[in-house]
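The next block holds one structure in the form of structure tokens; read it before the comments.
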Amino acid sequence: MRTKTKWSPGPGVKVLGVALTDDDSWVVSAAGPAFGICPDCRRRTRNRHGWTNRSLQDLPVQGKTVTVKLRLSRWRCAYQKCERQTFTERLPTIASPYARRTRRVSEIVGLLGHRAGGHPGERLMRRLGMPVSDDTILRQLKRDAALAHCDATIRVVGIDDWSWRRSWRYGTVIVDLERRSVVDILEDRSVASAARWLERHPSVEIVSRDRCAPATAGAASRNG
């Protein structure tokens with residue numbers, strides 16, 4: 001086992017060791033900060049209450065997969081007047097809560113998903129040493145779209161078909177044409193689904209479509 005600080009997935013994480021496993025992949029053992037900051041009262045504490053372990057997929061090294069075994073402390077808030085008794089350091093710059101991969105890997109998954117789609121993105125990610133399934137790529141796209149547009153006003157949208165499985169199953173992709181980003185992905189390409197989506201977003205003023213009959217009918221049904 002070797003110790004290399006440059007293997008750290010981000011600030012606040014100390015690398016304890018790096019090992020090459022029998023299946024030709026790297027495992028990085030790491031630990032979180034030596035103190036915690038209460039998210040409520042913002043006071044520092046070194047009163048450790050317990051431990052929690054996370055396994056995160058990280059960027060590959062020379063085409064080999066890298067897994068970060070991150071050990072985080074669960075802290076007890078020392079401020080008696082604080083309502084929060086215990087908490088775990090989240091490290092939001094490294095990974096989202098409950099995520100299985102680091103933020104920098106998630107960003108690559110989102111970028112390839114936008115450009116390549118599900119199955120092509122899955123093949124490319126595996127070749128790059130970051131194996132993820134096509135379902136994971138599609139879920140990442142939906143999560144990114146929900147976060148990006150949760151507070152945004154959508155005025156101009158483009159609606160087109162989305163191929164879940166070519167020549168077999170199709171859905172509907174909705175794009176914010178002003179921000180040039182995916183807003184939502186519908187399970188099918190029916191008139192009812194498009195109409196329901198447009199009813200939930202009354203701020204939409206212009207609908208652009210590419211010979212998509214369901215989109216035209218959905219827009220017409222919303223306008224009465």
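In the structure tokens, chains take the letters A, B, ... in the order shown, each chain's residues start at 1, and ligands count up from 1 in the order shown.
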
What lies within 10 Å of A:Pro131 using only C-alpha atoms, ignoring chain neighbours under 4 positions off, as a list in words? Gln57, Pro60, Thr65, Val109, Gly121, Glu122, Arg123, Leu124, Met125, Arg126 and Arg127 of chain A

Neighbours of A:Ile137 within 8 Å (only C-alpha atoms; same-chain residues fewer than 3 positions away dropped), as number ranges by chain? A: 109-110, 113, 117-118, 121-122, 132-134, 140-141

A:Thr52 surroundings by only C-alpha atoms, 8 Å radius, close-in-sequence under 3 positions cut, as a CSV table (one decimal) with N, CA, C and O atoms, in the first residue's frame:
chain,number,residue,atom,x,y,z
A,71,ARG,N,-13.9,7.5,4.9
A,71,ARG,CA,-14.4,7.3,6.2
A,71,ARG,C,-14.6,8.7,6.8
A,71,ARG,O,-13.7,9.5,7.0
A,72,LEU,N,-15.9,9.0,7.2
A,72,LEU,CA,-16.3,10.2,7.7
A,72,LEU,C,-16.7,10.1,9.2
A,72,LEU,O,-17.3,9.1,9.6
A,73,SER,N,-16.4,11.1,9.9
A,73,SER,CA,-16.8,11.1,11.4
A,73,SER,C,-18.2,11.6,11.5
A,73,SER,O,-18.7,12.5,10.8
A,74,ARG,N,-18.9,11.0,12.5
A,74,ARG,CA,-20.2,11.6,12.9
A,74,ARG,C,-19.9,12.3,14.2
A,74,ARG,O,-19.4,11.8,15.2

So, counting only C-alpha atoms, which residue among A:Leu70, A:Ala31, A:Glu199, A:Pro120 is closest to A:Arg165? A:Pro120

Using DSSP on the backbone coordinates, identify the residues of stretch 52-216 of chain A assigned to helix (DSSP H, G or I); present them as a VMD selection string. chain A and resid 103 to 116 118 to 127 134 to 149 191 to 200 213 to 216

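The residue set within 9 Å of stretch 98-108 of chain A, counting only C-alpha atoms and dropping same-chain residues fewer than 6 places from it, reads Pro9, Arg54, Ser55, Leu56, Gln57, Asp58, Leu59, Thr67, Val68, Pro92, Met125, Met130 and Gln140 of chain A.
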
I need the residues in stretch 153-205 of chain A that are strand (DSSP E) according to DSSP; give them as a PDB file with C-alpha atoms, in the first residue's frame.
ATOM      1  CA  VAL A 156     -39.488  28.861 -24.892  1.00  0.00           C
ATOM      2  CA  VAL A 157     -39.295  25.056 -25.144  1.00  0.00           C
ATOM      3  CA  GLY A 158     -38.451  22.584 -27.865  1.00  0.00           C
ATOM      4  CA  ILE A 159     -40.170  19.176 -27.879  1.00  0.00           C
ATOM      5  CA  ASP A 160     -38.903  16.138 -29.745  1.00  0.00           C
ATOM      6  CA  ASP A 161     -38.802  12.333 -29.579  1.00  0.00           C
ATOM      7  CA  TRP A 162     -36.385  10.562 -27.224  1.00  0.00           C
ATOM      8  CA  SER A 163     -35.296   7.015 -27.978  1.00  0.00           C
ATOM      9  CA  TRP A 164     -35.203   4.827 -24.876  1.00  0.00           C
ATOM     10  CA  ARG A 165     -34.705   1.859 -27.200  1.00  0.00           C
ATOM     11  CA  ARG A 169     -39.712   2.486 -27.171  1.00  0.00           C
ATOM     12  CA  TYR A 170     -39.767   6.268 -27.423  1.00  0.00           C
ATOM     13  CA  GLY A 171     -40.230   9.088 -24.955  1.00  0.00           C
ATOM     14  CA  THR A 172     -40.295  12.881 -25.163  1.00  0.00           C
ATOM     15  CA  VAL A 173     -37.405  15.236 -24.449  1.00  0.00           C
ATOM     16  CA  ILE A 174     -38.187  18.845 -23.545  1.00  0.00           C
ATOM     17  CA  VAL A 175     -35.459  21.476 -23.940  1.00  0.00           C
ATOM     18  CA  ASP A 176     -35.306  25.068 -22.705  1.00  0.00           C
ATOM     19  CA  SER A 181     -30.468  22.714 -21.630  1.00  0.00           C
ATOM     20  CA  VAL A 182     -32.744  19.722 -21.088  1.00  0.00           C
ATOM     21  CA  VAL A 183     -35.754  20.526 -18.904  1.00  0.00           C
ATOM     22  CA  ASP A 184     -37.440  17.142 -18.619  1.00  0.00           C
ATOM     23  CA  ILE A 185     -37.689  13.667 -20.133  1.00  0.00           C
ATOM     24  CA  LEU A 186     -41.156  12.108 -20.370  1.00  0.00           C
TER      25      LEU A 186
END

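Computed from the coordinates, the atom CA of A:Ser190 to atom CA of A:Leu111 distance equals 27.5 Å.
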
Close residues, stretch 33-48 of chain A itself excluded, 9 Å, only C-alpha atoms, min 2 positions apart in chain, as a count of residues only: 21

Could you check the closest approach to A:Ser208 for each of A:Lys69, A:Arg196, A:Arg155, A:His49 and tell me which residue wins, using only C-alpha atoms?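 So, comparing all the options, the nearest one is A:Arg155.
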
Taking 2 positions as the minimum chain separation for residues in the same chain, which residues sit within 9 Å of A:Val15 when counting only C-alpha atoms? Answer as a PDB file with C-alpha atoms, in the first residue's frame.
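Output file around36.pdb is given in full below:
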ATOM      1  CA  THR A   3       0.310   6.852   0.386  1.00  0.00           C
ATOM      2  CA  LYS A   4      -0.053   9.658  -2.167  1.00  0.00           C
ATOM      3  CA  THR A   5      -1.765  12.915  -1.279  1.00  0.00           C
ATOM      4  CA  LYS A   6      -2.394  13.704  -4.961  1.00  0.00           C
ATOM      5  CA  TRP A   7      -5.004  10.915  -4.998  1.00  0.00           C
ATOM      6  CA  SER A   8      -7.254  13.001  -2.744  1.00  0.00           C
ATOM      7  CA  PRO A   9     -10.731  13.556  -4.291  1.00  0.00           C
ATOM      8  CA  VAL A  13      -9.874  14.639   2.660  1.00  0.00           C
ATOM      9  CA  GLY A  17      -3.306   4.628   1.408  1.00  0.00           C
ATOM     10  CA  VAL A  18      -3.598   3.506  -2.223  1.00  0.00           C
ATOM     11  CA  VAL A  28      -7.996   4.805  -2.248  1.00  0.00           C
ATOM     12  CA  SER A  29      -8.473   4.728   1.530  1.00  0.00           C
ATOM     13  CA  ALA A  30      -9.196   8.209   2.868  1.00  0.00           C
ATOM     14  CA  ALA A  31     -10.573  10.016   5.910  1.00  0.00           C
ATOM     15  CA  LEU A  70     -14.000   7.461   2.485  1.00  0.00           C
TER      16      LEU A  70
END

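Closest approach to A:Glu187 among A:Arg90, A:His114, A:Lys142, A:Arg200 is made by A:Lys142 (distances from only C-alpha atoms).
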
Between atom CA of A:Asp24 and atom CA of A:Gly129, measure the distance and give it in Å to one decimal.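 Going from atom CA of A:Asp24 over to atom CA of A:Gly129 covers 11.4 Å.
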
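The gap separating atom CA of A:Pro97 from atom CA of A:Pro11 is 16.4 Å, in Å to one decimal.
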